[in-house]
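Okay, so here's the structure we're looking at.
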Amino acid sequence: MGTRKILTAAIVALVLLSWRLVAAPSAGQNAAQTPAAAAPGQILLRNCQTYWEDERIISSKIQGRIARRLVNDGDPVEAGQELARLDDREARLEFERQDILGKSDLDEQTQYLKLEEYRARFDSSSRLARIQAISVEEHRLARVNLEVNDLLTRKEVEKRKIEKIKAEQVEEILNQHVIRSPINGLIKKCFKRPMELVTPSDHQMFHIIATDKLWVEGYAPVSDVYRIKLGQTVNVNLTLLEADRSPLDGFE
């Protein structure tokens, strides 16, 4: 990068430093009011830029209308916390209907009873056929009825399994109406308001930043480079300009 400017980067957990470096952000993104000079014993990094190590845009997987938004800009959140809920009335009714179909075994029980009846008829016809009390054709029809009802019983069993799978699919769609945070952090921005539509072309809901780690990049004077060591902790002061202030400004 040249002999007069050395780019330094530090991951900061907001701890006091051993060499007392002070980061002075530039007037651009995440700008700060830059101190005129470093205090005695300090190294002042110039033209600093700050970056959150983990920040994510949370989007909805489905479209719909926002029924509730439970957080605002600047709110702390935890992983798994509910952030918003889309209107799920139709999805909930569909799930309840499909859940009833998946749990109901009435058709299965009815078909099992029919199967037992035709099995009894076939056993009876087999005994009568041995003494030639009924015709061969009647005995054949009894066997066919037994086999057909056996297949119908299997079909009802498979049908209920399919209904259960459909219920699970609808439940998954129902769960997608709840927007949750994937990480611990802060809400940097809410893109949607309550009752606003989430459309197929605009699914963005929240911008979340993880506040446990922060990247700071800046320039140190070449005369002080020898004092900067790998693994050295630093002290970062974020002082935003008035025009750039937001609900996150209270976080250091």
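Chain lettering (A, B, ...) mirrors the order of the structure tokens, residue numbering begins at 1 for each chain separately, and ligand numbering begins at 1 in order of display.
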
At most 12 Å is the cut-off: for each residue in range 81-164 of chain A with any atom that close to an atom of range 195-209 of chain A, write down the nearest atom pair and the distance in Å rounded to one decimal, counting only C-alpha atoms, chain first then increasing number, as a Markdown table.
| residue | atom | partner | partner_atom | distance |
| --- | --- | --- | --- | --- |
| A:Glu82 | CA | A:Phe206 | CA | 11.9 |
| A:Leu83 | CA | A:Phe206 | CA | 8.6 |
| A:Ala84 | CA | A:Met205 | CA | 8.6 |
| A:Arg85 | CA | A:Met195 | CA | 10.3 |
| A:Leu86 | CA | A:Met195 | CA | 8.7 |
| A:Asp87 | CA | A:Met195 | CA | 8.8 |

Save the residues we just selected, N, CA, C and O atoms, as a CSV table (one decimal), in the first residue's frame?
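Contents of the output file selection_26.csv:
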chain,number,residue,atom,x,y,z
A,82,GLU,N,-38.8,-14.1,17.8
A,82,GLU,CA,-39.8,-13.7,16.8
A,82,GLU,C,-39.7,-12.2,16.6
A,82,GLU,O,-39.8,-11.4,17.5
A,83,LEU,N,-39.6,-11.8,15.3
A,83,LEU,CA,-39.4,-10.4,14.9
A,83,LEU,C,-40.7,-9.9,14.4
A,83,LEU,O,-41.1,-8.7,14.6
A,84,ALA,N,-41.4,-10.7,13.6
A,84,ALA,CA,-42.7,-10.3,13.0
A,84,ALA,C,-43.5,-11.5,12.6
A,84,ALA,O,-43.0,-12.6,12.6
A,85,ARG,N,-44.7,-11.2,12.3
A,85,ARG,CA,-45.6,-12.3,11.9
A,85,ARG,C,-46.5,-11.8,10.8
A,85,ARG,O,-47.2,-10.8,10.9
A,86,LEU,N,-46.6,-12.6,9.7
A,86,LEU,CA,-47.5,-12.3,8.6
A,86,LEU,C,-48.9,-12.8,9.0
A,86,LEU,O,-49.1,-13.7,9.8
A,87,ASP,N,-49.9,-12.2,8.3
A,87,ASP,CA,-51.3,-12.7,8.5
A,87,ASP,C,-51.4,-14.1,8.1
A,87,ASP,O,-51.2,-14.5,6.9

Query raised in the report: If you run DSSP on this backbone, which residues of range 126-211 of chain A come out as alpha helix (DSSP H), and could you give them as a PyMOL selection string?
Result: chain A and resi 126-130+136-175

Report task. Rank nothing, just name the residue among A:Lys213, A:Arg121, A:Arg227, A:His177 nearest to Leu146 in chain A, using only C-alpha atoms. Result -> A:Arg121

Requested in this report: Run DSSP on the backbone and give me the residues of range 133-242 of chain A it puts in strand (DSSP E or B), as a PyMOL selection string.
Outcome: chain A and resi 178-180+185-190+197-199+202+204-220+235-236+240

Range 117-218 of chain A near range 76-79 of chain A within 7 Å: what's each residue's closest atom pair and its distance in Å to one decimal, counting only C-alpha atoms, ordered by chain then ascending residue number, as a Markdown table?
| residue | atom | partner | partner_atom | distance |
| --- | --- | --- | --- | --- |
| A:Ser181 | CA | A:Ala79 | CA | 5.2 |
| A:Pro182 | CA | A:Ala79 | CA | 4.9 |
| A:Ile183 | CA | A:Ala79 | CA | 4.2 |
| A:Asn184 | CA | A:Glu78 | CA | 4.2 |
| A:Gly185 | CA | A:Val77 | CA | 5.5 |
| A:Leu186 | CA | A:Pro76 | CA | 4.4 |
| A:Ile187 | CA | A:Pro76 | CA | 6.4 |

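In this model, the gap between CA of Ile58 in chain A and CA of Cys190 in chain A comes to 9.7 Å.
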
Query raised in the report: Which polymer residues have any atom within 8 Å of an atom of range 142-145 of chain A, counting only C-alpha atoms, with same-chain residues fewer than 6 positions away left out, as a PyMOL selection string?
Result: chain A and resi 118+121-122+125

Query raised in the report: Looking at A:Arg65, A:Asp105, A:Glu163, A:Glu172, which one is nearest to Arg89 in chain A, with distances taken over only C-alpha atoms?
Result: A:Arg65

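For the pair CA of Glu94 in chain A and CA of Ile165 in chain A, the interatomic distance is 13.5 Å.
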